[in-house]
file my_file.txt (compact mmCIF, C-alpha atoms)
# COMPACT_ATOMS: atom_id res chain seq x y z
CA MET B 111 -5.35 -7.73 -29.61
CA SER B 112 -3.89 -4.25 -29.88
CA GLY B 113 -1.63 -3.37 -26.96
CA ILE B 114 -2.19 -4.23 -23.36
CA ASP B 115 -4.66 -2.49 -21.09
CA ILE B 116 -2.30 -1.34 -18.32
CA ALA B 117 -5.03 0.28 -16.24
CA GLY B 118 -7.11 -2.88 -16.49
CA LEU B 119 -4.12 -4.95 -15.39
CA PHE B 120 -3.54 -2.65 -12.44
CA SER B 121 -7.10 -3.02 -11.25
CA ALA B 122 -7.13 -6.78 -11.85
CA ILE B 123 -3.93 -7.39 -9.89
CA GLY B 124 -4.76 -4.63 -7.41
CA SER B 125 -7.97 -6.44 -6.51
CA GLY B 126 -5.75 -8.72 -4.44
CA LEU B 127 -4.38 -5.78 -2.49
CA THR B 128 -7.20 -5.82 0.07
CA ILE B 129 -6.41 -9.43 0.96
CA THR B 130 -2.69 -8.65 1.17
CA ILE B 131 -3.39 -5.79 3.55
CA VAL B 132 -5.88 -7.85 5.59
CA LEU B 133 -3.27 -10.63 5.91
CA THR B 134 -0.62 -8.16 7.06
CA VAL B 135 -2.75 -6.11 9.45
CA VAL B 136 -4.65 -8.98 11.07
CA SER B 137 -1.59 -11.16 11.62
CA TYR B 138 0.37 -8.16 12.91
CA VAL B 139 -2.34 -7.27 15.43
CA VAL B 140 -2.97 -10.86 16.54
CA GLY B 141 0.78 -11.44 16.59
CA SER B 142 1.45 -8.47 18.88
CA VAL B 143 -1.31 -9.52 21.29
CA VAL B 144 0.07 -13.06 21.52
CA ALA B 145 3.62 -11.73 21.68
CA ILE B 146 3.06 -9.89 24.99
CA PRO B 147 2.55 -12.94 27.26
CA LEU B 148 5.18 -14.80 25.23
CA ALA B 149 7.74 -12.03 25.79
CA LEU B 150 6.86 -11.83 29.49
CA ALA B 151 7.34 -15.58 29.87
CA ARG B 152 10.56 -15.39 27.83
CA SER B 153 12.11 -12.78 30.12
CA SER B 154 10.76 -14.36 33.30
CA HIS B 155 13.13 -15.68 35.95
CA VAL B 156 10.93 -18.74 36.41
CA ARG B 157 12.32 -21.60 34.33
CA VAL B 158 8.98 -23.34 33.87
CA LEU B 159 7.78 -20.20 32.10
CA ARG B 160 10.99 -19.25 30.33
CA TRP B 161 11.94 -22.55 28.72
CA PRO B 162 8.65 -23.29 26.95
CA ALA B 163 8.62 -19.69 25.74
CA ILE B 164 12.14 -20.04 24.33
CA ALA B 165 11.15 -23.31 22.63
CA ILE B 166 7.99 -21.81 21.12
CA ILE B 167 9.77 -18.70 19.84
CA ASP B 168 12.74 -20.63 18.42
CA ILE B 169 10.58 -23.24 16.70
CA CYS B 170 8.16 -20.69 15.26
CA ARG B 171 11.08 -18.71 13.85
CA GLY B 172 13.12 -21.76 12.87
CA ILE B 173 10.49 -23.23 10.56
CA PRO B 174 10.29 -21.20 7.31
CA PRO B 175 7.01 -19.28 6.82
CA LEU B 176 6.20 -21.25 3.67
CA VAL B 177 6.54 -24.57 5.52
CA TRP B 178 4.28 -23.23 8.28
CA LEU B 179 1.61 -22.33 5.75
CA LEU B 180 1.80 -25.72 4.01
CA LEU B 181 1.81 -27.48 7.37
CA ILE B 182 -1.30 -25.69 8.56
CA TYR B 183 -3.22 -25.78 5.30
CA TYR B 184 -2.44 -29.30 4.10
CA GLY B 185 -1.67 -30.84 7.48
CA ILE B 186 -4.50 -29.58 9.61
CA SER B 187 -7.22 -29.14 6.99
CA PRO B 188 -8.08 -32.87 6.96
CA ILE B 189 -8.64 -32.72 10.72
CA ILE B 190 -10.38 -29.36 10.97
CA ALA B 191 -11.67 -28.01 7.66
CA LEU B 192 -9.77 -24.77 7.02
CA GLU B 193 -10.13 -22.35 4.13
CA PRO B 194 -6.87 -20.94 2.71
CA LEU B 195 -7.41 -17.46 4.20
CA PRO B 196 -7.87 -18.53 7.86
CA ALA B 197 -5.00 -21.00 7.47
CA ALA B 198 -2.74 -18.21 6.22
CA LEU B 199 -3.91 -15.88 9.00
CA ILE B 200 -3.11 -18.50 11.64
CA GLY B 201 0.31 -19.19 10.15
CA LEU B 202 1.32 -15.56 9.70
CA SER B 203 0.02 -14.64 13.19
CA LEU B 204 2.09 -17.44 14.69
CA ILE B 205 5.22 -16.25 12.92
CA SER B 206 4.69 -12.59 13.74
CA ALA B 207 3.95 -13.45 17.40
CA ALA B 208 7.35 -15.18 17.65
CA TYR B 209 9.23 -12.34 15.93
CA LEU B 210 7.48 -9.61 17.89
CA ALA B 211 7.93 -11.51 21.16
CA GLU B 212 11.66 -11.52 20.50
CA ASN B 213 11.56 -7.74 19.88
CA PHE B 214 9.53 -7.15 23.03
CA ARG B 215 11.88 -9.34 25.05
CA ALA B 216 14.88 -7.36 23.81
CA GLY B 217 12.99 -4.23 24.90
CA ILE B 218 12.38 -5.57 28.39
CA ASP B 219 15.95 -6.85 28.77
CA ASN B 220 17.47 -3.57 27.66
CA VAL B 221 15.80 -1.45 30.33
CA HIS B 222 18.54 -0.75 32.84
CA ARG B 223 18.35 -2.85 35.99
CA GLY B 224 18.70 0.27 38.11
CA GLN B 225 15.25 1.39 36.95
CA ARG B 226 13.57 -1.61 38.50
CA GLU B 227 15.71 -1.32 41.61
CA ALA B 228 14.79 2.34 41.96
CA ALA B 229 11.11 1.44 41.55
CA MET B 230 11.52 -1.22 44.21
CA ALA B 231 13.29 1.24 46.53
CA LEU B 232 10.39 3.66 46.11
CA GLY B 233 8.09 0.92 47.39
CA LEU B 234 6.17 0.21 44.15
CA THR B 235 4.40 -3.14 44.02
CA PRO B 236 6.01 -5.69 41.64
CA GLY B 237 3.11 -5.15 39.21
CA ASN B 238 3.59 -1.40 39.23
CA GLN B 239 7.35 -1.80 38.94
CA PHE B 240 6.81 -3.58 35.68
CA TRP B 241 3.84 -1.79 34.14
CA ARG B 242 4.66 1.76 35.24
CA VAL B 243 8.45 1.77 35.10
CA VAL B 244 9.89 -1.00 32.95
CA ALA B 245 7.16 -1.47 30.31
CA PRO B 246 6.96 2.16 29.09
CA GLN B 247 10.72 2.21 28.50
CA ALA B 248 10.73 -1.27 26.98
CA ILE B 249 8.11 -0.15 24.46
CA ASN B 250 10.38 2.66 23.30
CA ILE B 251 13.17 0.19 22.63
CA ALA B 252 10.93 -2.42 21.01
CA LEU B 253 8.88 -0.10 18.82
CA PRO B 254 11.32 0.75 15.99
CA PRO B 255 12.25 -2.87 15.12
CA SER B 256 8.61 -3.87 15.51
CA ALA B 257 7.51 -1.14 13.12
CA SER B 258 10.03 -2.25 10.52
CA TYR B 259 8.89 -5.85 11.01
CA ALA B 260 5.53 -4.80 9.56
CA VAL B 261 7.26 -4.38 6.20
CA GLY B 262 8.75 -7.85 6.55
CA LEU B 263 5.33 -9.26 7.32
CA LEU B 264 3.84 -7.54 4.27
CA LYS B 265 6.37 -9.38 2.12
CA ASP B 266 5.88 -12.66 3.99
CA SER B 267 2.15 -12.41 3.29
CA ALA B 268 2.95 -13.06 -0.40
CA LYS B 269 3.57 -16.69 0.53
CA ALA B 270 -0.14 -17.08 1.29
CA SER B 271 -0.72 -17.15 -2.48
CA ILE B 272 0.96 -20.57 -2.53
CA ILE B 273 -1.87 -22.12 -0.51
CA GLY B 274 -4.44 -20.36 -2.69
CA VAL B 275 -5.21 -17.11 -0.88
CA ALA B 276 -6.30 -14.56 -3.49
CA ASP B 277 -3.73 -11.89 -2.69
CA VAL B 278 -1.71 -9.69 -5.09
CA ILE B 279 0.66 -12.47 -6.19
CA PHE B 280 -2.25 -14.87 -6.71
CA MET B 281 -4.11 -12.36 -8.90
CA ALA B 282 -0.88 -11.78 -10.82
CA GLN B 283 -0.50 -15.50 -11.47
CA LEU B 284 -4.07 -15.56 -12.70
CA GLU B 285 -3.22 -12.81 -15.21
CA VAL B 286 -0.16 -14.75 -16.40
CA SER B 287 -2.33 -17.82 -16.94
CA ARG B 288 -4.54 -15.67 -19.16
CA GLY B 289 -1.51 -15.01 -21.36
CA THR B 290 -0.38 -11.58 -20.20
CA PRO B 291 3.46 -11.29 -20.26
CA ALA B 292 4.84 -12.34 -16.87
CA VAL B 293 7.44 -9.58 -16.70
CA LEU B 294 4.75 -6.94 -17.00
CA VAL B 295 2.37 -8.65 -14.59
CA PHE B 296 4.91 -9.24 -11.83
CA SER B 297 6.39 -5.76 -12.26
CA ILE B 298 2.93 -4.37 -11.57
CA ALA B 299 2.59 -6.70 -8.58
CA ALA B 300 6.00 -5.53 -7.33
CA LEU B 301 4.92 -1.92 -7.77
CA LEU B 302 1.81 -2.55 -5.68
CA TYR B 303 3.94 -3.99 -2.86
CA LEU B 304 6.21 -0.95 -3.06
CA MET B 305 3.20 1.39 -2.93
CA VAL B 306 2.27 -0.09 0.45
CA GLY B 307 5.74 -1.01 1.69
CA VAL B 308 7.63 2.23 0.99
CA PRO B 309 5.27 4.46 3.03
CA LEU B 310 5.28 1.80 5.74
CA SER B 311 9.08 1.69 5.93
CA TYR B 312 9.18 5.50 5.79
CA PHE B 313 6.79 5.50 8.74
CA SER B 314 8.92 2.98 10.64
CA ARG B 315 12.02 5.13 10.11
CA HIS B 316 10.03 8.11 11.34
CA VAL B 317 9.07 6.19 14.49
CA ASP B 318 12.73 5.32 15.00
CA ARG B 319 13.79 8.98 14.63
CA VAL B 320 11.10 10.29 16.97
CA ILE B 321 11.97 7.75 19.65
CA ARG B 322 15.69 8.37 19.32
CA THR B 323 15.29 12.10 19.92
CA LYS B 324 12.85 11.41 22.74
CA MET B 325 15.28 9.04 24.43
CA VAL B 326 18.14 11.52 24.12
CA THR B 327 16.19 14.39 25.64
CA VAL B 328 14.83 12.31 28.53
CA MET S 890 5.75 -45.81 17.61
CA ILE S 891 4.35 -45.80 14.09
CA PHE S 892 5.02 -42.08 13.88
CA PHE S 893 8.75 -42.53 14.23
CA GLU S 894 8.94 -45.50 11.89
CA THR S 895 7.60 -43.43 9.03
CA TRP S 896 9.86 -40.56 9.97
CA ILE S 897 12.91 -42.80 9.70
CA GLU S 898 11.62 -44.09 6.39
CA TRP S 899 11.30 -40.53 5.02
CA LEU S 900 14.50 -39.16 6.50
CA PRO S 901 16.99 -40.20 3.74
CA ASP S 902 14.88 -38.54 1.04
CA LEU S 903 14.42 -35.40 3.11
CA LEU S 904 18.12 -35.20 3.94
CA LEU S 905 18.89 -35.30 0.21
CA GLY S 906 16.48 -32.39 -0.08
CA LEU S 907 18.29 -30.63 2.74
CA GLY S 908 21.48 -31.04 0.72
CA VAL S 909 19.84 -29.27 -2.23
CA SER S 910 18.57 -26.51 0.09
CA LEU S 911 22.05 -26.02 1.50
CA ALA S 912 23.62 -26.04 -1.98
CA LEU S 913 21.07 -23.43 -3.02
CA THR S 914 21.91 -21.31 0.01
CA GLY S 915 25.62 -21.62 -0.75
CA CYS S 916 25.14 -20.53 -4.37
CA VAL S 917 22.96 -17.62 -3.25
CA ALA S 918 25.72 -16.49 -0.89
CA LEU S 919 28.34 -16.85 -3.64
CA VAL S 920 26.28 -14.65 -5.96
CA GLY S 921 24.71 -12.37 -3.38
CA PHE S 922 27.56 -11.38 -1.10
CA PRO S 923 30.08 -10.20 -3.75
CA CYS S 924 27.24 -8.34 -5.51
CA GLY S 925 26.23 -6.92 -2.14
CA LEU S 926 29.74 -5.61 -1.55
CA LEU S 927 29.73 -4.05 -5.00
CA LEU S 928 26.32 -2.49 -4.32
CA ALA S 929 27.59 -1.13 -1.00
CA LEU S 930 30.44 0.62 -2.81
CA LEU S 931 28.08 1.95 -5.48
CA THR S 932 25.47 3.19 -2.96
CA SER S 933 28.22 5.16 -1.21
CA HIS S 934 29.80 6.36 -4.48
CA LYS S 935 31.07 9.94 -4.82
CA ASN S 936 28.91 10.56 -7.88
CA ALA S 937 25.39 11.47 -6.74
CA VAL S 938 23.72 10.01 -9.86
CA VAL S 939 25.40 6.62 -9.47
CA ARG S 940 24.55 6.68 -5.77
CA ALA S 941 20.89 7.51 -6.40
CA ILE S 942 20.45 4.81 -9.06
CA PHE S 943 21.81 2.07 -6.87
CA ILE S 944 20.02 3.23 -3.72
CA VAL S 945 16.76 2.97 -5.66
CA PHE S 946 17.82 -0.48 -6.91
CA VAL S 947 18.49 -1.66 -3.34
CA GLU S 948 15.26 -0.18 -2.00
CA ILE S 949 13.22 -1.88 -4.73
CA PHE S 950 14.72 -5.29 -4.07
CA ARG S 951 14.30 -4.87 -0.33
CA GLY S 952 10.72 -3.74 -0.80
CA ILE S 953 9.26 -6.49 -2.96
CA PRO S 954 8.61 -10.08 -1.90
CA LEU S 955 11.20 -12.59 -3.08
CA LEU S 956 8.34 -14.65 -4.48
CA ALA S 957 7.51 -11.84 -6.96
CA VAL S 958 11.13 -11.79 -8.17
CA ILE S 959 11.18 -15.58 -8.54
CA TYR S 960 7.97 -15.63 -10.57
CA LEU S 961 9.04 -12.64 -12.66
CA LEU S 962 12.24 -14.39 -13.70
CA TYR S 963 10.84 -17.90 -13.95
CA PHE S 964 7.83 -17.02 -16.06
CA GLY S 965 9.23 -13.87 -17.65
CA LEU S 966 12.70 -14.86 -18.86
CA PRO S 967 11.47 -17.47 -21.38
CA ASP S 968 9.51 -14.64 -23.09
CA ALA S 969 12.83 -12.88 -23.58
CA GLY S 970 14.33 -16.04 -25.05
CA ILE S 971 16.37 -16.86 -21.96
CA THR S 972 15.80 -20.26 -20.41
CA LEU S 973 17.34 -21.00 -17.05
CA SER S 974 16.84 -24.12 -14.99
CA ALA S 975 14.62 -23.73 -11.94
CA PHE S 976 17.70 -24.01 -9.74
CA MET S 977 19.53 -21.24 -11.62
CA THR S 978 16.44 -19.03 -11.64
CA MET S 979 16.28 -19.38 -7.89
CA VAL S 980 20.00 -18.59 -7.54
CA VAL S 981 19.63 -15.42 -9.64
CA ALA S 982 16.40 -14.20 -8.00
CA HIS S 983 17.49 -14.99 -4.49
CA GLY S 984 21.03 -13.78 -5.18
CA LEU S 985 19.72 -10.35 -6.25
CA ASN S 986 17.58 -10.23 -3.12
CA GLN S 987 20.52 -11.25 -0.95
CA ALA S 988 22.76 -8.69 -2.66
CA ALA S 989 20.32 -5.90 -1.76
CA TYR S 990 20.07 -7.00 1.86
CA SER S 991 23.78 -7.62 2.35
CA SER S 992 24.70 -4.30 0.74
CA GLU S 993 23.17 -2.55 3.75
CA VAL S 994 25.28 -4.71 6.06
CA PHE S 995 28.44 -4.04 4.04
CA ARG S 996 27.69 -0.34 3.88
CA ALA S 997 27.22 -0.08 7.64
CA GLY S 998 30.47 -2.02 8.09
CA LEU S 999 32.42 0.20 5.70
CA LEU S 1000 31.05 3.43 7.14
CA HIS S 1001 32.10 2.12 10.52
CA ILE S 1002 35.75 2.65 9.48
CA GLY S 1003 36.40 6.28 10.31
CA LEU S 1004 37.67 8.97 8.01
CA GLY S 1005 40.77 9.26 10.22
CA GLN S 1006 41.98 5.88 9.03
CA ARG S 1007 41.59 6.85 5.40
CA GLU S 1008 43.59 9.99 6.09
CA ALA S 1009 46.22 7.93 7.91
CA MET S 1010 46.45 5.62 4.89
CA ALA S 1011 46.82 8.56 2.57
CA SER S 1012 49.60 10.04 4.67
CA LEU S 1013 51.39 6.68 4.70
CA GLY S 1014 51.21 6.60 0.92
CA ILE S 1015 48.95 3.54 0.75
CA THR S 1016 46.95 3.55 -2.48
CA PRO S 1017 43.15 3.61 -2.05
CA THR S 1018 42.73 0.14 -3.61
CA LYS S 1019 45.42 -1.40 -1.46
CA GLY S 1020 44.07 0.42 1.56
CA PHE S 1021 40.57 -0.87 0.90
CA PHE S 1022 41.68 -4.50 0.85
CA HIS S 1023 44.34 -4.32 3.56
CA VAL S 1024 42.98 -1.76 6.01
CA VAL S 1025 39.26 -1.11 5.56
CA LEU S 1026 37.93 -4.53 4.58
CA PRO S 1027 39.60 -6.58 7.36
CA GLN S 1028 38.15 -4.28 10.00
CA ALA S 1029 34.77 -4.07 8.33
CA LEU S 1030 34.59 -7.87 8.02
CA ARG S 1031 34.78 -8.17 11.78
CA ALA S 1032 31.79 -5.85 12.17
CA ILE S 1033 29.73 -7.52 9.44
CA LEU S 1034 30.48 -11.21 9.97
CA GLY S 1035 27.65 -11.70 12.48
CA PRO S 1036 24.92 -9.87 10.51
CA LEU S 1037 26.09 -11.59 7.31
CA MET S 1038 25.76 -15.01 8.90
CA SER S 1039 22.27 -14.12 10.13
CA LEU S 1040 21.38 -13.17 6.56
CA LEU S 1041 22.66 -16.55 5.44
CA ILE S 1042 20.35 -18.31 7.91
CA MET S 1043 17.43 -16.29 6.55
CA ALA S 1044 18.51 -17.22 3.04
CA PHE S 1045 18.48 -20.88 4.04
CA GLN S 1046 14.90 -20.53 5.23
CA SER S 1047 13.85 -18.61 2.13
CA SER S 1048 15.36 -21.34 -0.05
CA SER S 1049 12.10 -23.17 0.70
CA LEU S 1050 10.49 -20.83 -1.87
CA ALA S 1051 12.26 -22.88 -4.56
CA TYR S 1052 9.45 -25.34 -3.95
CA THR S 1053 7.14 -23.04 -5.94
CA ILE S 1054 9.14 -23.51 -9.15
CA GLY S 1055 9.82 -27.21 -8.63
CA VAL S 1056 13.40 -27.40 -7.39
CA SER S 1057 13.52 -30.70 -5.52
CA GLU S 1058 14.76 -29.28 -2.23
CA LEU S 1059 13.59 -30.08 1.29
CA THR S 1060 10.10 -28.54 1.12
CA SER S 1061 9.33 -30.01 -2.34
CA ARG S 1062 10.38 -33.48 -1.29
CA ALA S 1063 8.34 -33.27 1.90
CA PHE S 1064 5.35 -32.08 -0.08
CA SER S 1065 5.65 -34.91 -2.64
CA ILE S 1066 5.87 -37.47 0.13
CA GLY S 1067 2.78 -35.85 1.67
CA ALA S 1068 0.93 -36.00 -1.64
CA MET S 1069 1.72 -39.67 -2.07
CA SER S 1070 1.07 -40.83 1.49
CA PHE S 1071 -1.57 -38.25 2.47
CA GLN S 1072 0.43 -37.79 5.66
CA TYR S 1073 1.04 -34.09 5.05
CA LEU S 1074 1.07 -33.19 8.73
CA GLU S 1075 3.69 -35.76 9.72
CA VAL S 1076 6.07 -35.23 6.83
CA LEU S 1077 5.82 -31.43 6.77
CA ALA S 1078 6.36 -31.38 10.54
CA LEU S 1079 9.52 -33.43 10.07
CA ALA S 1080 10.71 -31.09 7.30
CA GLY S 1081 9.92 -28.08 9.50
CA LEU S 1082 11.88 -29.65 12.32
CA ILE S 1083 14.89 -30.18 10.05
CA TYR S 1084 14.78 -26.50 9.03
CA ALA S 1085 14.42 -25.46 12.66
CA VAL S 1086 17.32 -27.61 13.85
CA VAL S 1087 19.66 -26.22 11.19
CA ALA S 1088 18.48 -22.64 11.76
CA ILE S 1089 18.61 -22.78 15.57
CA ALA S 1090 22.00 -24.53 15.63
CA SER S 1091 23.51 -22.02 13.22
CA SER S 1092 22.12 -19.04 15.08
CA ARG S 1093 23.78 -20.38 18.22
CA VAL S 1094 27.04 -20.49 16.26
CA VAL S 1095 26.44 -16.92 15.08
CA SER S 1096 25.92 -15.62 18.61
CA ASN S 1097 29.09 -17.39 19.72
CA VAL S 1098 31.08 -15.86 16.88
CA GLU S 1099 29.66 -12.42 17.63
CA GLU S 1100 30.58 -12.85 21.29
CA LYS S 1101 34.16 -13.84 20.36
CA LEU S 1102 34.59 -10.88 18.02
CA LYS S 1103 33.37 -8.55 20.74
CA VAL S 1104 35.94 -9.82 23.28
CA ASN S 1105 38.80 -9.29 20.84
CA ARG S 1106 38.02 -5.66 20.29

call {"tool": "encode", "arguments": {"input": "my_file.txt", "output": "structure tokens"}}
result
Amino acid sequence: MSGIDIAGLFSAIGSGLTITIVLTVVSYVVGSVVAIPLALARSSHVRVLRWPAIAIIDICRGIPPLVWLLLIYYGISPIIALEPLPAALIGLSLISAAYLAENFRAGIDNVHRGQREAAMALGLTPGNQFWRVVAPQAINIALPPSASYAVGLLKDSAKASIIGVADVIFMAQLEVSRGTPAVLVFSIAALLYLMVGVPLSYFSRHVDRVIRTKMVTV
Amino acid sequence: MIFFETWIEWLPDLLLGLGVSLALTGCVALVGFPCGLLLALLTSHKNAVVRAIFIVFVEIFRGIPLLAVIYLLYFGLPDAGITLSAFMTMVVAHGLNQAAYSSEVFRAGLLHIGLGQREAMASLGITPTKGFFHVVLPQALRAILGPLMSLLIMAFQSSSLAYTIGVSELTSRAFSIGAMSFQYLEVLALAGLIYAVVAIASSRVVSNVEEKLKVNR
């Protein structure tokens, strides 16, 4: 064998990139949808709503992502047959829902009380007070940390390889098992993560900057 | 309940695993935090070249999954003739990762000390080194203690990745028990609960500490 085919390695390991992106995007989207009711319950004044929400968020965040994935894949598979990919999607969605709910809650809590009082004084219905006055401001506060969480989720998605999802890390391991030097293989894998993650974190910083200037001018 | 009987049976083994996880976290902090402080100083160095090199270093380690670093070292180092135990590989990989993350915390804490204080030190004839340890660091520590402790909790959770290279910590032990008894759900749920209890309890401590530090200001 003369030399190593770098381009071939890139395309072999890169073939896992689609799965990595699917894992990140799907669990981020599902997570944010689930996070909304969770955050609303978490910031509710009604204890019966707030306490279960706190418990769910704390437990989802308290159990490490890897343990979640193993729990779902090995624990639930015997009961309901689950392929690795759906198991990973469920696990990552669960985790991102809890993290995003916490961001959303911080957003809701950080809107000044006076805003809601003013809305009430103007005779808005409770629904309108929330959706037209509090929510738009809460989104501004919650958006920057939520955007940077996407980068965190991208990296968390690597753990799906452990339960056999054919993502970037999984493809890299496959290359190593074929005898390609591990340092080279995992450096390429790392580079692929950076190629997605660096623009994503640049974008999240951009969101942060835009919102900061917007909030100052308002 | 049968459920609880088995849990009690597994608990001693899992608690031993928890000990390994905590030891791993401690070692990672011992390696990561001093390196993080060093990185913070280098990423705010006067020399632009030094600064650029270490900013890139930090960004790379913050941008790639810890799992990739673990595998790179675990499978790659033997090629270079270096053999480390799985535990040590985890300490190095995770320590580098922790150094990159904590350097941002240290940097924010150090920048937080205004230029005025440095000027005041200079006018009092305090040497920069002495000033760093006696004036800047004590104040910065107050600002960074909370975020640093949060990082430590995250490190504790990430220590579960040591399972992938066979360190017999909490997750590995739970998984072996699952493989032997086929009760994956029960044993992994117990392990998850142990992680959650430690993580939730320590984040309560962190918020209390942060609250205390705030009052003293």

call {"tool": "residues_around", "arguments": {"input": "my_file.txt", "residues": "stretch 182-192 of chain B", "least_positions_apart": "5", "cutoff": "12 Å", "atoms": "all atoms listed in the file", "output": "ChimeraX atom specification"}}
result
/B:175-177,197-202,204,270-275 /S:1063-1065,1067-1068,1070-1079,1081

call {"tool": "interface_residues", "arguments": {"input": "my_file.txt", "of": "chain B", "to": "chain S", "cutoff": "10 Å", "atoms": "all atoms listed in the file", "output": "ChimeraX atom specification"}}
result
/B:168-178,180-189,261-269,271-272,278-279,282-283,286,291-308,311

call {"tool": "atom_distance", "arguments": {"input": "my_file.txt", "atom1": "atom CA of S:Gly998", "atom2": "atom CA of S:Ile1033"}}
result
5.7 Å

call {"tool": "residues_near_point", "arguments": {"input": "my_file.txt", "point": "(13.9, -4.3, 25.4)", "cutoff": "7 Å", "atoms": "only C-alpha atoms", "output": "tab-separated table (two decimals) with C-alpha atoms, keeping the file's coordinate frame"}}
result
chain	number	residue	atom	x	y	z
B	213	ASN	CA	11.56	-7.74	19.88
B	214	PHE	CA	9.53	-7.15	23.03
B	215	ARG	CA	11.88	-9.34	25.05
B	216	ALA	CA	14.88	-7.36	23.81
B	217	GLY	CA	12.99	-4.23	24.90
B	218	ILE	CA	12.38	-5.57	28.39
B	219	ASP	CA	15.95	-6.85	28.77
B	220	ASN	CA	17.47	-3.57	27.66
B	221	VAL	CA	15.80	-1.45	30.33
B	248	ALA	CA	10.73	-1.27	26.98
B	251	ILE	CA	13.17	0.19	22.63
B	252	ALA	CA	10.93	-2.42	21.01

call {"tool": "atom_distance", "arguments": {"input": "my_file.txt", "atom1": "atom CA of S:Leu927", "atom2": "atom CA of S:Ala1011"}}
result
22.5 Å

call {"tool": "residues_around", "arguments": {"input": "my_file.txt", "residues": "stretch 912-923 of chain S", "least_positions_apart": "2", "cutoff": "6 Å", "atoms": "all atoms listed in the file", "output": "list in words"}}
result
Val909, Ser910, Gly925, Leu926, Val980, Gly984, Gln987, Ala988 and Phe1045 of chain S

call {"tool": "atom_distance", "arguments": {"input": "my_file.txt", "atom1": "atom CA of B:Arg223", "atom2": "atom CA of B:Val156"}}
result
17.5 Å
